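Read the structure below first, then the notes.
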Amino acid sequence: MTFSTAGQSADQIYRALRANILDAAILPGKAMSEARMAAQFGVSRTPVREAFKRLVDEGFLLVRPQAGTFVAPIDLAAVHDSQFVRETLECRTVVLAAERIDAAGKARLDALVAQQGQAMAAGDRKSFFRLDESFHAELSRLAGHPSVWSMIEAVKAQLDRVRCLSLETPSWSDMILREHREIAACVGRGDASGAEAAMRAHLRTVFDAIEAIAQAHVDAFDKSRLGPPRD
């Protein structure tokens, strides 16, 4: 985890720390010191304190009185809620994409899958995740509803923390790539029902990821707000 030390603003510090928490460069439970972060960013403690406050408000940091500030565990209730939003919107989106796909759209989708395969082969986890996002965004564009992906992005931060941790295991990356290939194949041949089924199965792999991550990172999750299983 490295940062520029060019005297960054509170907003820049917030964005850098948020990105590092999301992509698991900073793991749940990690102690966060205002003084240490101020030194790393080359600023006074004031902008760091402001950034910390925003991250606390968003549920990424947790203040424990007389103990300090820590990276918050992943909120499982929020994971389930964002998964519900994704499945509801993206299963409809992929049907429309399959119904409306043209040769140019198929080429873009296939290119993204190929690039993701190259990123996986290179062990480039950040590029793999970025291309995962681009793949789903492209499906929204193909469906004729590009803003749908922006809506999904706004609610999936806790879900992304699970997804990034799952990519620590090469078998998960391989599985995601296979699922993307299946979705792209169904959409490319205009198979709307097959695309919907493939997308639903793909999105639900996050729950298998939770089980695997829970074994590797015992304290990664906050289960306190998790109610009965959602349909």
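Starting from 1 in every chain, residues are counted up; chains themselves are A, B, ... following the order of the structure tokens, and ligands are numbered from 1 as listed.
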
Per residue of segment 145-170 of chain A within 7 Å of segment 13-25 of chain A, what are the shortest atom pair and its distance in Å to one decimal, counting only C-alpha atoms, with rows by chain and residue number, as JSON lines?
```
{"residue": "A:Ala157", "atom": "CA", "partner": "A:Leu22", "partner_atom": "CA", "distance": 6.9}
{"residue": "A:Asp160", "atom": "CA", "partner": "A:Leu22", "partner_atom": "CA", "distance": 6.3}
{"residue": "A:Arg161", "atom": "CA", "partner": "A:Leu22", "partner_atom": "CA", "distance": 4.9}
{"residue": "A:Cys164", "atom": "CA", "partner": "A:Asp23", "partner_atom": "CA", "distance": 5.3}
{"residue": "A:Leu165", "atom": "CA", "partner": "A:Ala24", "partner_atom": "CA", "distance": 6.1}
```

Since we have the selection now, will you write its residues out, keeping N, CA and C atoms, as a compact mmCIF listing (two decimals), in the first residue's frame?
```
# COMPACT_ATOMS: atom_id res chain seq x y z
N ALA A 157 -20.66 -1.13 -2.75
CA ALA A 157 -19.33 -1.02 -2.16
C ALA A 157 -18.98 -2.21 -1.27
N ASP A 160 -18.36 -5.25 -3.34
CA ASP A 160 -17.05 -5.21 -4.02
C ASP A 160 -15.93 -5.67 -3.09
N ARG A 161 -16.05 -5.42 -1.81
CA ARG A 161 -15.03 -5.87 -0.87
C ARG A 161 -14.96 -7.39 -0.85
N CYS A 164 -13.35 -8.51 -4.28
CA CYS A 164 -11.90 -8.32 -4.35
C CYS A 164 -11.17 -9.35 -3.50
N LEU A 165 -11.68 -9.65 -2.31
CA LEU A 165 -11.05 -10.67 -1.48
C LEU A 165 -11.11 -12.04 -2.15
```

Hey, what's within 8 Å of Arg125 of chain A if we count only C-alpha atoms and toss same-chain stuff fewer than 5 positions away? As a compact mmCIF listing (two decimals) with N, CA and C atoms, in the first residue's frame, please?
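part-v8.txt, written as the output of this step:
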```txt
# COMPACT_ATOMS: atom_id res chain seq x y z
N ALA A 119 -5.41 -10.48 -18.42
CA ALA A 119 -5.11 -9.95 -17.10
C ALA A 119 -4.95 -11.08 -16.08
N MET A 120 -5.81 -12.10 -16.18
CA MET A 120 -5.72 -13.23 -15.26
C MET A 120 -4.40 -13.97 -15.48
N LEU A 167 -10.80 -12.68 -5.22
CA LEU A 167 -9.81 -12.77 -6.29
C LEU A 167 -8.42 -13.14 -5.77
```

_Surrounding residues of Phe52 of chain A excluding itself and chain neighbours under 4 positions, 12 Å, only C-alpha atoms, as an NGL selection string_ = :A and (10-18 or 32-35 or 37-38 or 45-48 or 56-63 or 68-72)

*Please return as number ranges by chain: the residues of segment 18-170 of chain A that backbone DSSP assigns to helix (DSSP H, G or I).*
A: 18-22, 34-41, 45-57, 76-100, 103-121, 125-142, 147-153, 157-166, 170

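Atom CA of Lys156 of chain A to atom CA of Ser82 of chain A spans 5.2 Å [interatomic distance, one decimal].
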
*Please identify all polymer residues within 7 Å of segment 191-206 of chain A, counting only C-alpha atoms, omitting same-chain residues fewer than 5 positions from it, and present them as an MDAnalysis selection string.*
chainID A and resid 87 91 94:95 98:99 163 179 182:183 186

Kindly export the residues of the current selection with C-alpha atoms, as an mmCIF file, in the first residue's frame.
```
data_model
loop_
_atom_site.group_PDB
_atom_site.id
_atom_site.type_symbol
_atom_site.label_atom_id
_atom_site.label_comp_id
_atom_site.auth_asym_id
_atom_site.auth_seq_id
_atom_site.Cartn_x
_atom_site.Cartn_y
_atom_site.Cartn_z
ATOM 1 C CA GLU A 87 -29.598 -9.488 -9.570
ATOM 2 C CA CYS A 91 -30.844 -10.178 -15.034
ATOM 3 C CA VAL A 94 -28.763 -9.080 -19.902
ATOM 4 C CA VAL A 95 -32.069 -10.189 -21.461
ATOM 5 C CA ALA A 98 -29.285 -10.483 -25.868
ATOM 6 C CA GLU A 99 -32.343 -9.188 -27.703
ATOM 7 C CA ARG A 163 -15.417 -9.727 -4.724
ATOM 8 C CA GLU A 179 -18.921 -17.370 -16.297
ATOM 9 C CA GLU A 182 -20.800 -18.136 -20.916
ATOM 10 C CA ILE A 183 -22.751 -14.892 -20.507
ATOM 11 C CA CYS A 186 -25.423 -16.459 -24.710
#
```

_When you look at Gly117 of chain A with a cut-off of 12 Å (counting only C-alpha atoms), what residues show up, excluding the ones that are within fewer than 4 positions of it in the same chain? I need them as a count of residues only._
23

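Neighbouring residues of Phe84 of chain A at 10 Å or closer, counting only C-alpha atoms and skipping chain neighbours under 3 positions away, are Ala78, Val79, His80, Asp81, Glu87, Thr88, Leu89, Glu90, Leu203, Arg204, Arg230 and Asp231 of chain A.
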
The selected residues should be written to file as a PDB file, in the first residue's frame (atoms: N, CA, C and O atoms).
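For reference, out_28.pdb as written:
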```
ATOM      1  N   ALA A  78     -25.488  -5.437   4.068  1.00  0.00           N
ATOM      2  CA  ALA A  78     -25.332  -4.586   2.888  1.00  0.00           C
ATOM      3  C   ALA A  78     -24.942  -5.402   1.666  1.00  0.00           C
ATOM      4  O   ALA A  78     -25.353  -5.096   0.538  1.00  0.00           O
ATOM      5  N   VAL A  79     -24.149  -6.457   1.866  1.00  0.00           N
ATOM      6  CA  VAL A  79     -23.800  -7.349   0.754  1.00  0.00           C
ATOM      7  C   VAL A  79     -25.051  -7.988   0.173  1.00  0.00           C
ATOM      8  O   VAL A  79     -25.256  -8.012  -1.044  1.00  0.00           O
ATOM      9  N   HIS A  80     -25.907  -8.498   1.033  1.00  0.00           N
ATOM     10  CA  HIS A  80     -27.137  -9.135   0.569  1.00  0.00           C
ATOM     11  C   HIS A  80     -28.047  -8.127  -0.137  1.00  0.00           C
ATOM     12  O   HIS A  80     -28.659  -8.443  -1.160  1.00  0.00           O
ATOM     13  N   ASP A  81     -28.142  -6.917   0.405  1.00  0.00           N
ATOM     14  CA  ASP A  81     -28.998  -5.907  -0.218  1.00  0.00           C
ATOM     15  C   ASP A  81     -28.481  -5.510  -1.598  1.00  0.00           C
ATOM     16  O   ASP A  81     -29.251  -5.398  -2.555  1.00  0.00           O
ATOM     17  N   GLU A  87     -28.902  -8.386  -8.906  1.00  0.00           N
ATOM     18  CA  GLU A  87     -29.598  -9.488  -9.570  1.00  0.00           C
ATOM     19  C   GLU A  87     -30.885  -8.998 -10.229  1.00  0.00           C
ATOM     20  O   GLU A  87     -31.195  -9.373 -11.365  1.00  0.00           O
ATOM     21  N   THR A  88     -31.619  -8.148  -9.531  1.00  0.00           N
ATOM     22  CA  THR A  88     -32.873  -7.634 -10.080  1.00  0.00           C
ATOM     23  C   THR A  88     -32.638  -6.852 -11.366  1.00  0.00           C
ATOM     24  O   THR A  88     -33.339  -7.045 -12.369  1.00  0.00           O
ATOM     25  N   LEU A  89     -31.645  -5.968 -11.357  1.00  0.00           N
ATOM     26  CA  LEU A  89     -31.395  -5.112 -12.510  1.00  0.00           C
ATOM     27  C   LEU A  89     -30.627  -5.828 -13.620  1.00  0.00           C
ATOM     28  O   LEU A  89     -30.973  -5.717 -14.801  1.00  0.00           O
ATOM     29  N   GLU A  90     -29.579  -6.575 -13.252  1.00  0.00           N
ATOM     30  CA  GLU A  90     -28.718  -7.135 -14.293  1.00  0.00           C
ATOM     31  C   GLU A  90     -29.336  -8.328 -15.003  1.00  0.00           C
ATOM     32  O   GLU A  90     -29.025  -8.577 -16.179  1.00  0.00           O
ATOM     33  N   LEU A 203     -23.916 -14.055 -10.548  1.00  0.00           N
ATOM     34  CA  LEU A 203     -24.036 -13.103  -9.452  1.00  0.00           C
ATOM     35  C   LEU A 203     -24.148 -13.792  -8.102  1.00  0.00           C
ATOM     36  O   LEU A 203     -23.728 -13.246  -7.074  1.00  0.00           O
ATOM     37  N   ARG A 204     -24.683 -14.989  -8.079  1.00  0.00           N
ATOM     38  CA  ARG A 204     -24.857 -15.688  -6.809  1.00  0.00           C
ATOM     39  C   ARG A 204     -23.594 -16.377  -6.316  1.00  0.00           C
ATOM     40  O   ARG A 204     -23.556 -16.880  -5.189  1.00  0.00           O
ATOM     41  N   ARG A 230     -32.255 -14.036   2.253  1.00  0.00           N
ATOM     42  CA  ARG A 230     -33.125 -13.389   1.263  1.00  0.00           C
ATOM     43  C   ARG A 230     -33.351 -14.325   0.094  1.00  0.00           C
ATOM     44  O   ARG A 230     -32.473 -15.093  -0.280  1.00  0.00           O
ATOM     45  N   ASP A 231     -34.518 -14.224  -0.521  1.00  0.00           N
ATOM     46  CA  ASP A 231     -34.811 -15.034  -1.700  1.00  0.00           C
ATOM     47  C   ASP A 231     -34.110 -14.460  -2.914  1.00  0.00           C
ATOM     48  O   ASP A 231     -33.836 -13.276  -2.980  1.00  0.00           O
TER      49      ASP A 231
END
```

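Taking atom CA of Gln83 of chain A as the reference point, atom CA of Thr169 of chain A is found at 20.9 Å.
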
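Taking only C-alpha atoms into account, Arg49 of chain A lies nearest to A:Ser9 out of the set A:Ser9, A:Gln118, A:Ile74, A:Arg86.
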
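Across the structure, atom CA of Lys106 of chain A and atom CA of Val162 of chain A are spaced 29.1 Å apart.
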
_At a cut-off of 12 Å, using only C-alpha atoms, what residues contact Ala103 of chain A? Leave out same-chain residues fewer than 3 positions from it and give the result as number ranges by chain._
A: 98, 100, 106-110, 142, 187-190
